[in-house]
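Here is input-v2.cif, consisting of mmCIF, C-alpha atoms:
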```cif
data_model
loop_
_atom_site.label_atom_id
_atom_site.label_comp_id
_atom_site.auth_asym_id
_atom_site.auth_seq_id
_atom_site.Cartn_x
_atom_site.Cartn_y
_atom_site.Cartn_z
CA MET A 390 26.14 -18.89 -23.36
CA ILE A 391 22.71 -20.37 -23.91
CA GLU A 392 23.02 -24.12 -24.19
CA ILE A 393 20.08 -26.17 -25.37
CA LYS A 394 20.32 -29.93 -25.04
CA ASN A 395 17.91 -32.46 -26.48
CA LEU A 396 14.97 -30.12 -26.26
CA THR A 397 11.68 -31.77 -27.19
CA LYS A 398 8.32 -30.12 -27.02
CA TYR A 399 4.90 -31.58 -27.70
CA TYR A 400 1.64 -29.68 -27.90
CA TYR A 401 -1.25 -31.77 -26.70
CA SER A 402 -4.85 -31.31 -27.73
CA ALA A 403 -8.06 -33.31 -27.65
CA THR A 404 -7.15 -34.86 -30.99
CA GLY A 405 -3.68 -35.97 -29.81
CA GLY A 406 -0.12 -34.74 -29.46
CA LYS A 407 1.87 -32.80 -32.03
CA ARG A 408 5.62 -32.57 -31.88
CA ALA A 409 6.72 -28.93 -32.13
CA LEU A 410 10.41 -29.48 -31.39
CA GLY A 411 12.32 -32.72 -31.63
CA ASP A 412 15.61 -33.26 -29.82
CA VAL A 413 16.98 -29.79 -30.54
CA SER A 414 20.53 -29.12 -29.34
CA LEU A 415 22.15 -25.74 -29.85
CA GLN A 416 24.83 -23.51 -28.36
CA LEU A 417 24.44 -19.75 -28.55
CA PRO A 418 27.56 -17.99 -27.25
CA ARG A 419 27.60 -14.42 -25.99
CA GLY A 420 28.06 -11.61 -28.46
CA GLU A 421 26.53 -13.37 -31.46
CA ILE A 422 23.67 -12.18 -33.61
CA VAL A 423 21.86 -15.33 -34.63
CA GLY A 424 19.10 -15.56 -37.19
CA LEU A 425 16.53 -18.27 -36.59
CA PHE A 426 14.79 -19.26 -39.79
CA GLY A 427 12.13 -21.72 -40.79
CA GLU A 428 8.75 -22.08 -42.40
CA ASN A 429 5.57 -21.29 -40.47
CA GLY A 430 5.16 -23.93 -37.78
CA ALA A 431 8.84 -24.91 -37.91
CA GLY A 432 9.17 -24.31 -34.17
CA LYS A 433 10.95 -20.94 -34.01
CA THR A 434 8.55 -19.31 -31.57
CA THR A 435 8.28 -22.49 -29.52
CA LEU A 436 12.07 -22.66 -29.24
CA LEU A 437 12.29 -19.07 -28.02
CA LYS A 438 9.47 -19.62 -25.54
CA CYS A 439 11.16 -22.76 -24.23
CA ILE A 440 14.41 -20.82 -23.71
CA LEU A 441 12.47 -18.23 -21.72
CA GLY A 442 10.77 -20.92 -19.65
CA LEU A 443 7.33 -19.89 -20.86
CA LEU A 444 6.59 -23.45 -21.96
CA ASN A 445 7.20 -26.85 -20.42
CA TYR A 446 9.56 -29.10 -22.35
CA LYS A 447 11.79 -32.16 -22.16
CA GLY A 448 15.53 -31.63 -22.26
CA SER A 449 17.57 -28.82 -20.79
CA VAL A 450 18.22 -25.13 -21.36
CA THR A 451 21.04 -23.51 -19.44
CA LEU A 452 22.12 -19.91 -19.23
CA ASP A 453 25.84 -19.50 -18.54
CA GLY A 454 25.79 -23.03 -17.11
CA GLN A 455 22.77 -22.53 -14.89
CA PRO A 456 19.17 -23.55 -15.54
CA VAL A 457 16.93 -20.61 -16.37
CA ASN A 458 15.27 -19.51 -13.14
CA ARG A 459 14.30 -16.38 -11.20
CA LYS A 460 17.92 -15.63 -10.40
CA ASN A 461 19.09 -15.34 -13.99
CA ILE A 462 15.91 -14.65 -15.96
CA HIS A 463 16.82 -10.94 -16.05
CA LEU A 464 19.61 -11.91 -18.46
CA LEU A 465 16.95 -12.73 -21.06
CA SER A 466 14.68 -10.25 -22.76
CA PHE A 467 11.97 -10.93 -25.29
CA ALA A 468 10.41 -8.95 -28.11
CA THR A 469 7.48 -10.69 -29.72
CA CYS A 470 5.12 -9.78 -32.53
CA GLU A 471 2.31 -10.67 -30.12
CA HIS A 472 3.67 -7.82 -27.93
CA SER A 473 4.28 -8.13 -24.22
CA PHE A 474 3.80 -4.54 -23.07
CA PHE A 475 0.83 -3.18 -21.11
CA PRO A 476 -1.48 -1.50 -23.65
CA THR A 477 -2.99 1.03 -21.27
CA MET A 478 0.36 2.27 -19.99
CA THR A 479 2.47 5.00 -21.55
CA ALA A 480 6.06 4.54 -22.66
CA LYS A 481 7.23 6.57 -19.68
CA GLU A 482 5.31 4.33 -17.29
CA HIS A 483 6.81 1.26 -18.96
CA ALA A 484 10.29 2.67 -18.41
CA ASN A 485 9.51 3.15 -14.71
CA PHE A 486 8.08 -0.36 -14.46
CA TYR A 487 11.12 -1.89 -16.14
CA GLU A 488 13.48 0.13 -14.00
CA MET A 489 11.70 -1.14 -10.91
CA HIS A 490 12.00 -4.80 -11.93
CA PHE A 491 15.20 -4.87 -13.96
CA PRO A 492 17.97 -2.96 -12.18
CA ALA A 493 20.16 -3.01 -15.30
CA PHE A 494 17.50 -1.17 -17.32
CA ARG A 495 19.18 1.22 -19.75
CA ARG A 496 17.31 4.48 -19.32
CA LYS A 497 19.66 6.44 -21.55
CA ARG A 498 19.37 3.95 -24.39
CA PHE A 499 15.60 3.90 -23.94
CA GLU A 500 15.31 7.66 -24.27
CA ALA A 501 17.66 7.74 -27.25
CA LEU A 502 15.68 5.06 -29.09
CA MET A 503 12.36 6.70 -28.23
CA ASP A 504 13.71 9.92 -29.71
CA PHE A 505 15.11 8.20 -32.76
CA PHE A 506 11.83 6.52 -33.62
CA GLU A 507 9.86 9.59 -32.56
CA LEU A 508 7.54 7.59 -30.34
CA PRO A 509 5.26 9.57 -28.03
CA ALA A 510 6.29 9.01 -24.41
CA GLY A 511 3.02 10.16 -22.89
CA ARG A 512 0.51 8.20 -24.95
CA ALA A 513 -0.91 4.78 -24.06
CA VAL A 514 1.09 2.22 -26.04
CA GLY A 515 -2.08 0.43 -27.10
CA GLN A 516 -3.08 3.50 -29.10
CA LEU A 517 0.06 3.46 -31.25
CA SER A 518 0.13 2.10 -34.80
CA THR A 519 1.20 -1.52 -35.33
CA GLY A 520 4.61 -0.40 -36.58
CA GLN A 521 5.12 1.84 -33.58
CA LYS A 522 4.01 -0.94 -31.23
CA ASN A 523 6.64 -3.23 -32.79
CA GLN A 524 9.26 -0.55 -32.39
CA PHE A 525 8.35 -0.03 -28.79
CA GLU A 526 8.39 -3.77 -28.10
CA VAL A 527 11.91 -4.02 -29.51
CA ILE A 528 13.03 -0.90 -27.62
CA LEU A 529 11.92 -2.46 -24.34
CA ALA A 530 13.77 -5.69 -25.14
CA LEU A 531 16.93 -3.78 -26.05
CA CYS A 532 16.79 -1.59 -22.95
CA GLN A 533 15.97 -4.18 -20.31
CA GLY A 534 19.69 -4.63 -19.70
CA ALA A 535 19.63 -8.28 -20.72
CA ASP A 536 22.62 -10.11 -22.16
CA TYR A 537 20.48 -12.28 -24.41
CA ILE A 538 17.82 -10.53 -26.47
CA LEU A 539 15.30 -12.87 -28.06
CA MET A 540 13.20 -11.46 -30.87
CA ASP A 541 10.30 -13.25 -32.49
CA GLU A 542 9.25 -11.68 -35.78
CA PRO A 543 9.72 -8.24 -34.26
CA PHE A 544 9.25 -6.31 -37.48
CA ALA A 545 5.98 -7.86 -38.68
CA GLY A 546 3.92 -4.90 -39.84
CA ASN A 547 6.79 -2.43 -40.20
CA ASP A 548 7.63 -0.91 -43.55
CA VAL A 549 10.95 -1.61 -45.22
CA PHE A 550 12.52 1.76 -44.31
CA ASN A 551 11.59 1.27 -40.72
CA ARG A 552 13.16 -2.14 -40.64
CA GLU A 553 16.28 -0.86 -42.38
CA ASP A 554 16.60 1.82 -39.72
CA PHE A 555 16.25 -0.75 -37.04
CA TYR A 556 19.03 -2.97 -38.32
CA LYS A 557 21.35 -0.03 -38.50
CA VAL A 558 20.46 1.16 -35.02
CA LEU A 559 20.81 -2.34 -33.65
CA LEU A 560 24.26 -2.78 -35.10
CA GLY A 561 25.20 0.63 -33.75
CA ILE A 562 24.05 0.18 -30.19
CA LEU A 563 24.69 -3.47 -29.42
CA GLU A 564 27.61 -4.08 -27.11
CA GLU A 565 30.07 -6.96 -27.30
CA ASN A 566 28.45 -9.06 -24.62
CA GLU A 567 24.93 -8.65 -25.99
CA THR A 568 23.53 -11.58 -27.90
CA VAL A 569 20.58 -11.33 -30.24
CA ILE A 570 18.53 -14.30 -31.36
CA LEU A 571 16.27 -13.11 -34.13
CA SER A 572 13.48 -15.22 -35.53
CA THR A 573 12.28 -13.88 -38.87
CA HIS A 574 11.21 -14.66 -42.41
CA LEU A 575 13.05 -11.66 -43.84
CA LEU A 576 16.13 -13.57 -44.96
CA GLU A 577 17.60 -11.09 -47.37
CA GLU A 578 17.09 -8.13 -45.08
CA VAL A 579 18.93 -9.61 -42.13
CA GLU A 580 21.67 -11.23 -44.16
CA ASN A 581 24.15 -8.45 -43.52
CA PHE A 582 23.06 -8.04 -39.96
CA ILE A 583 23.39 -11.55 -38.52
CA GLY A 584 26.57 -13.51 -37.86
CA ARG A 585 25.06 -16.96 -37.87
CA ALA A 586 22.01 -18.65 -39.33
CA VAL A 587 20.13 -21.52 -37.71
CA LEU A 588 17.52 -23.26 -39.81
CA LEU A 589 14.59 -25.13 -38.36
CA HIS A 590 12.34 -27.49 -40.26
CA LYS A 591 9.42 -29.36 -38.68
CA GLY A 592 10.85 -28.88 -35.22
CA CYS A 593 14.41 -30.00 -36.00
CA ILE A 594 17.59 -28.10 -36.74
CA VAL A 595 18.45 -28.75 -40.36
CA GLY A 596 21.12 -26.12 -40.86
CA ASP A 597 23.52 -24.12 -38.75
CA CYS A 598 26.36 -22.08 -40.15
CA THR A 599 28.10 -18.74 -39.71
CA MET A 600 27.97 -16.04 -42.34
CA GLU A 601 31.76 -16.33 -42.64
CA GLN A 602 31.43 -20.00 -43.58
CA LEU A 603 28.82 -19.07 -46.18
CA GLU A 604 31.09 -16.39 -47.56
CA GLU A 605 33.95 -18.87 -47.83
CA GLN A 606 31.67 -21.20 -49.75
CA GLY A 607 30.63 -18.31 -51.96
CA LYS A 608 26.97 -18.65 -51.08
CA ASP A 609 24.44 -16.16 -49.90
CA LEU A 610 21.92 -16.86 -47.18
CA MET A 611 19.03 -17.44 -49.56
CA THR A 612 21.00 -20.06 -51.51
CA PHE A 613 21.98 -21.79 -48.27
CA VAL A 614 18.36 -21.84 -47.10
CA LYS A 615 17.06 -23.10 -50.45
CA GLU A 616 19.69 -25.83 -50.57
CA THR A 617 19.02 -26.88 -47.01
CA TYR A 618 15.29 -27.06 -47.55
CA GLN A 619 15.82 -28.69 -50.94
CA TYR A 620 13.68 -26.03 -52.51
CA ARG A 621 12.60 -26.97 -56.03
CA ALA A 622 12.54 -23.88 -58.21
CA ASP A 623 10.47 -25.64 -60.87
CA ARG A 624 7.75 -26.45 -58.34
CA VAL A 625 5.68 -23.35 -59.05
CA ILE A 626 5.97 -23.64 -62.84
CA ARG A 627 4.98 -27.31 -62.69
CA ALA A 628 2.07 -26.58 -60.35
CA LEU A 629 0.82 -23.76 -62.57
CA GLY A 630 1.14 -25.98 -65.56
CA GLU A 631 -0.88 -28.74 -63.89
CA LEU A 632 -3.53 -26.28 -62.74
CA GLY A 633 -3.74 -24.79 -66.20
CA GLY A 634 -4.08 -28.26 -67.71
CA LYS A 635 -7.01 -29.09 -65.49
CA ASP A 636 -8.91 -25.99 -66.49
CA ARG A 637 -8.61 -26.62 -70.15
CA MET B 1382 -1.17 10.19 1.87
CA LYS B 1383 -3.96 9.69 -0.68
CA ARG B 1384 -1.35 9.37 -3.43
CA ASN B 1385 0.67 6.88 -1.38
CA PHE B 1386 -2.44 4.77 -0.86
CA ARG B 1387 -3.20 4.88 -4.56
CA GLU B 1388 0.36 3.85 -5.41
CA TRP B 1389 0.22 1.06 -2.85
CA ARG B 1390 -3.13 -0.11 -4.23
CA GLN B 1391 -1.67 -0.04 -7.75
CA GLN B 1392 1.00 -2.53 -6.62
CA LEU B 1393 -1.80 -5.03 -6.06
CA LEU B 1394 -3.18 -4.58 -9.57
CA PRO B 1395 -2.02 -5.38 -13.09
CA PRO B 1396 0.10 -2.45 -14.35
CA GLY B 1397 -2.09 0.11 -16.09
CA TYR B 1398 -5.28 -1.49 -14.83
CA ASP B 1399 -8.00 0.92 -13.76
CA ALA B 1400 -9.80 -0.64 -10.81
CA SER B 1401 -11.72 2.46 -9.76
CA VAL B 1402 -15.01 1.20 -11.21
CA GLU B 1403 -14.88 -2.23 -9.58
CA VAL B 1404 -13.67 -0.78 -6.26
CA GLY B 1405 -16.52 1.74 -6.47
CA TRP B 1406 -19.10 -1.01 -7.03
CA LEU B 1407 -17.70 -3.08 -4.19
CA ALA B 1408 -17.72 -0.04 -1.89
CA LEU B 1409 -21.37 0.52 -2.79
CA GLY B 1410 -21.96 -3.17 -2.11
CA GLY B 1411 -20.32 -2.70 1.28
CA VAL B 1412 -22.69 0.14 2.13
CA ILE B 1413 -25.71 -1.91 1.02
CA ALA B 1414 -24.46 -4.93 3.00
CA PHE B 1415 -24.08 -2.74 6.08
CA ILE B 1416 -27.56 -1.20 5.75
CA TYR B 1417 -29.04 -4.66 5.17
CA SER B 1418 -27.26 -6.08 8.24
CA LEU B 1419 -28.46 -3.17 10.34
CA CYS B 1420 -32.06 -3.57 9.16
CA VAL B 1421 -32.10 -7.34 9.75
CA PHE B 1422 -30.42 -7.22 13.14
CA ALA B 1423 -32.16 -4.11 14.48
CA GLY B 1424 -35.53 -5.32 13.19
CA GLU B 1425 -35.25 -8.74 14.83
CA LEU B 1426 -33.73 -7.45 18.07
CA GLY B 1427 -36.41 -4.74 18.33
CA LYS B 1428 -39.16 -7.30 17.75
CA GLN B 1429 -37.77 -9.62 20.42
CA LEU B 1430 -37.24 -6.77 22.89
CA ARG B 1431 -40.84 -5.61 22.46
CA TRP B 1432 -41.99 -9.17 23.11
CA LEU B 1433 -39.66 -9.39 26.12
CA ASP B 1434 -41.13 -6.17 27.45
CA ARG B 1435 -44.62 -7.62 27.19
CA VAL B 1436 -43.85 -10.95 28.92
CA GLU B 1437 -41.39 -9.60 31.50
CA LYS B 1438 -43.98 -9.07 34.23
CA GLN B 1439 -45.57 -12.47 33.72
CA PRO B 1440 -44.60 -15.34 36.02
CA VAL B 1441 -43.55 -17.69 33.15
CA PRO B 1442 -39.76 -17.52 32.73
CA TRP B 1443 -39.02 -16.41 29.22
CA MET B 1444 -35.58 -16.40 27.62
CA MET B 1445 -34.41 -14.21 24.77
CA PRO B 1446 -33.54 -16.10 21.56
CA TYR B 1447 -29.85 -16.80 20.93
CA TYR B 1448 -27.75 -14.00 19.46
CA GLY B 1449 -27.16 -16.17 16.40
CA GLU B 1450 -30.89 -16.50 15.83
CA ILE B 1451 -31.42 -12.75 16.06
CA LEU B 1452 -28.46 -12.14 13.78
CA GLY B 1453 -30.04 -14.35 11.13
CA THR B 1454 -28.84 -13.46 7.64
CA ALA B 1455 -27.60 -10.01 8.69
CA LEU B 1456 -23.98 -10.62 7.72
CA TRP B 1457 -24.48 -12.64 4.54
CA GLY B 1458 -24.21 -9.51 2.45
CA PHE B 1459 -20.53 -9.29 3.39
CA VAL B 1460 -19.97 -12.94 2.53
CA ILE B 1461 -21.52 -12.37 -0.89
CA LEU B 1462 -19.32 -9.31 -1.26
CA ALA B 1463 -16.22 -11.36 -0.42
CA ILE B 1464 -17.19 -13.95 -3.04
CA LEU B 1465 -17.73 -11.20 -5.63
CA ALA B 1466 -14.32 -9.76 -4.78
CA LEU B 1467 -12.72 -13.17 -5.33
CA LEU B 1468 -14.42 -13.38 -8.72
CA LEU B 1469 -12.22 -10.45 -9.73
CA ILE B 1470 -9.18 -12.76 -9.74
CA PRO B 1471 -10.02 -14.33 -13.13
CA VAL B 1472 -10.98 -10.87 -14.43
CA HIS B 1473 -7.54 -9.54 -13.49
CA GLY B 1474 -5.96 -12.71 -14.87
CA ALA B 1475 -7.62 -12.09 -18.24
CA TYR B 1476 -6.00 -8.65 -18.37
CA TRP B 1477 -2.62 -10.25 -19.20
CA TYR B 1478 -4.10 -11.41 -22.52
CA GLN B 1479 -5.96 -8.27 -23.53
CA GLY B 1480 -4.47 -6.10 -26.27
CA SER B 1481 -1.10 -7.85 -25.92
CA ARG B 1482 0.46 -10.85 -24.19
CA SER B 1483 1.82 -9.02 -21.17
CA ILE B 1484 1.75 -12.40 -19.45
CA TYR B 1485 5.10 -13.06 -21.19
CA LEU B 1486 6.65 -10.09 -19.42
CA MET B 1487 5.02 -10.88 -16.09
CA ARG B 1488 6.22 -14.47 -16.20
CA ARG B 1489 9.81 -13.46 -16.75
CA LEU B 1490 10.02 -10.90 -13.99
CA PRO B 1491 12.79 -11.77 -11.52
CA GLN B 1492 10.52 -11.06 -8.54
CA ARG B 1493 8.81 -14.22 -7.39
CA GLY B 1494 5.15 -13.72 -6.64
CA GLU B 1495 4.81 -10.49 -8.65
CA LEU B 1496 2.36 -12.06 -11.10
CA LEU B 1497 0.28 -13.59 -8.31
CA ARG B 1498 0.32 -10.38 -6.27
CA ARG B 1499 -0.81 -8.26 -9.20
CA THR B 1500 -3.49 -10.77 -10.24
CA ALA B 1501 -4.98 -11.71 -6.89
CA GLY B 1502 -3.73 -8.98 -4.54
CA LEU B 1503 -6.60 -6.52 -4.60
CA PRO B 1504 -9.40 -9.13 -4.84
CA LEU B 1505 -7.97 -10.95 -1.82
CA LEU B 1506 -7.60 -7.69 0.07
CA LEU B 1507 -11.18 -6.67 -0.73
CA ALA B 1508 -12.48 -10.10 0.26
CA ALA B 1509 -10.53 -9.91 3.51
CA ALA B 1510 -11.87 -6.39 4.14
CA ALA B 1511 -15.45 -7.60 3.60
CA LEU B 1512 -14.96 -10.49 6.02
CA ALA B 1513 -13.21 -8.22 8.53
CA ALA B 1514 -16.17 -5.82 8.36
CA ALA B 1515 -18.50 -8.77 8.97
CA LEU B 1516 -16.42 -9.83 11.98
CA LEU B 1517 -16.42 -6.30 13.35
CA LEU B 1518 -20.19 -6.05 13.01
CA LEU B 1519 -20.58 -9.48 14.57
CA LEU B 1520 -18.80 -8.23 17.69
CA LEU B 1521 -20.53 -4.85 17.63
CA TYR B 1522 -24.00 -6.36 17.31
CA TYR B 1523 -23.17 -8.83 20.09
CA ALA B 1524 -22.22 -5.92 22.33
CA ILE B 1525 -25.56 -4.26 21.46
CA TYR B 1526 -27.40 -7.53 22.15
CA CYS B 1527 -25.68 -7.86 25.54
CA GLY B 1528 -26.39 -4.22 26.34
CA CYS B 1529 -30.11 -4.44 25.47
CA VAL B 1530 -31.01 -7.85 26.86
CA PRO B 1531 -30.94 -8.35 30.64
CA ALA B 1532 -28.27 -10.92 31.61
CA GLU B 1533 -30.82 -13.28 33.21
CA ARG B 1534 -32.76 -13.43 29.96
CA GLN B 1535 -29.74 -14.37 27.86
CA PRO B 1536 -29.30 -18.09 27.14
CA ASP B 1537 -25.87 -19.69 27.75
CA GLY B 1538 -23.51 -20.91 25.03
CA GLN B 1539 -24.09 -18.08 22.58
CA TRP B 1540 -21.00 -18.69 20.41
CA ALA B 1541 -21.47 -22.45 20.29
CA GLU B 1542 -25.03 -21.87 19.17
CA LEU B 1543 -23.86 -19.33 16.59
CA LEU B 1544 -21.42 -21.86 15.14
CA ARG B 1545 -24.14 -24.50 15.14
CA ILE B 1546 -26.46 -22.16 13.26
CA TRP B 1547 -23.76 -21.24 10.73
CA PHE B 1548 -22.18 -24.60 10.19
CA GLY B 1549 -24.68 -27.02 11.70
CA LYS B 1550 -28.05 -28.18 10.43
CA GLU B 1551 -29.82 -24.83 10.59
CA ARG B 1552 -28.97 -22.59 7.74
CA TYR B 1553 -30.19 -19.16 6.82
CA PHE B 1554 -29.88 -19.31 3.06
#
```
Can you turn what I pasted into structure tokens?
Amino acid sequence: MIEIKNLTKYYYSATGGKRALGDVSLQLPRGEIVGLFGENGAGKTTLLKCILGLLNYKGSVTLDGQPVNRKNIHLLSFATCEHSFFPTMTAKEHANFYEMHFPAFRRKRFEALMDFFELPAGRAVGQLSTGQKNQFEVILALCQGADYILMDEPFAGNDVFNREDFYKVLLGILEENETVILSTHLLEEVENFIGRAVLLHKGCIVGDCTMEQLEEQGKDLMTFVKETYQYRADRVIRALGELGGKDR
Amino acid sequence: MKRNFREWRQQLLPPGYDASVEVGWLALGGVIAFIYSLCVFAGELGKQLRWLDRVEKQPVPWMMPYYGEILGTALWGFVILAILALLLIPVHGAYWYQGSRSIYLMRRLPQRGELLRRTAGLPLLLAAAALAAALLLLLLYYAIYCGCVPAERQPDGQWAELLRIWFGKERYF
């Protein structure tokens, strides 16, 4: 289980400090598929990077009871829309590199996914299209052999069919002990894929519920998100009205 | 053997990084540094030996200049080369941010020191090789100096004088 306790993160700049995460506490048990939602700048990416130890923070993050360190970091994998592969290396070379550094690397799964998405194994990854790069990034994260797979907007730039394929494949290949934490804006698309939704707003957790709980309440994910964020449906109409009034 | 060396060298570089150009330039620099050192040392030693030949038969005792003085700036080319090699560290460091953020992967590798090794490994090795070449030439040129200059014409305290020239008040740059 990933356990986050009182996690606070500030970004400092010449103009002062900005709080990115404020006292976030969260438990992410094994085997869950968790959707992490929030507006731009809500702190989703920062939270994932803090879990991975890529950023300094206040508070604690533990992995199966132990702080994240060199001994257990292999249990975490990361797919990011910024991409973390080596652009000049081919897919085949990446597989060899991963195999060398992550003994639990799933070669068979890697080859199956490469085949499924028809990605060229012998071409430099940097030469692939954005969609293919995203696919490859996710493939690496899924094949590292990690128990906790963190994904940050992994499908940005992929078309809807591609994403649909991915969800199906993900559901098909994930094993019971594999946990996915998926940060995305695509609420409706992942609704049937995730088991739990965590909502962030201005660096704080403002909502956390399972899809079962939502179902019991007779709500869909979008309704839950809108309610939690106190979204005002008339906002756009009012704004347009005001703008129109000014012009006249 | 050649393949093994290439694979070993690749372990000291960012994955997928092509260092052949920079290694080529540094190798060329090494050749130039060697030729320069040879010209400076051989030129100065030859000049002093010709002078020694001229004054040898005269009654005035004349001593050969210190080895360090004859060496002059002969080995500085290798020092410059070592500095240039070290400047490759930030270049290799920038690679982790080019075209992707592979720094994220490197920072979560279970192997401690992998990121450092692949960022600084080859530059440090090249810098060490340049300094080792300088040391080797230092000893080789000293052997030549000792072989060419009669023992009675050699001043005492050669190494102390060399250190004084390098790190003392006299400087050759």
Could you tell me, as number ranges by chain, exactly which residues end up selected when the PyMOL selection byres ((chain A) within 8 of (chain B)) is applied to this structure?
A: 441, 443, 459-463, 467, 471-478, 490-491, 515
With the PyMOL selection byres ((chain A and resi 570-578) around 9) as the selection, what would be picked from this file? Answer as a ChimeraX atom specification, please.
/A:417,421-429,433-434,437,537-545,549,552-553,556,568-569,579-583,609-611,614
Rounded to one decimal in Å, what is the spacing between CA of Thr451 in chain A and CA of Ile393 in chain A?
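Computed distance, CA of Thr451 in chain A to CA of Ile393 in chain A, equals 6.6 Å.
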Got a sec: who's within 9 Å of range 1387-1392 of chain B, counting all atoms listed in the file, leaving out chain neighbours fewer than 6 positions off, as an mmCIF file with C-alpha atoms, keeping the file's coordinate frame?
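In the end it all went to around.cif:
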```
data_model
loop_
_atom_site.group_PDB
_atom_site.id
_atom_site.type_symbol
_atom_site.label_atom_id
_atom_site.label_comp_id
_atom_site.auth_asym_id
_atom_site.auth_seq_id
_atom_site.Cartn_x
_atom_site.Cartn_y
_atom_site.Cartn_z
ATOM 1 C CA TYR B 1398 -5.280 -1.490 -14.830
ATOM 2 C CA ASP B 1399 -8.000 0.920 -13.760
ATOM 3 C CA ALA B 1400 -9.800 -0.640 -10.810
ATOM 4 C CA ARG B 1498 0.320 -10.380 -6.270
ATOM 5 C CA ARG B 1499 -0.810 -8.260 -9.200
ATOM 6 C CA GLY B 1502 -3.730 -8.980 -4.540
ATOM 7 C CA LEU B 1503 -6.600 -6.520 -4.600
#
```
Apply the PyMOL selection byres ((chain A and resi 497) around 12) to the displayed file and report the matching residues as a PyMOL selection string.
chain A and resi 484+488+493-496+498-504+528+531-534+562
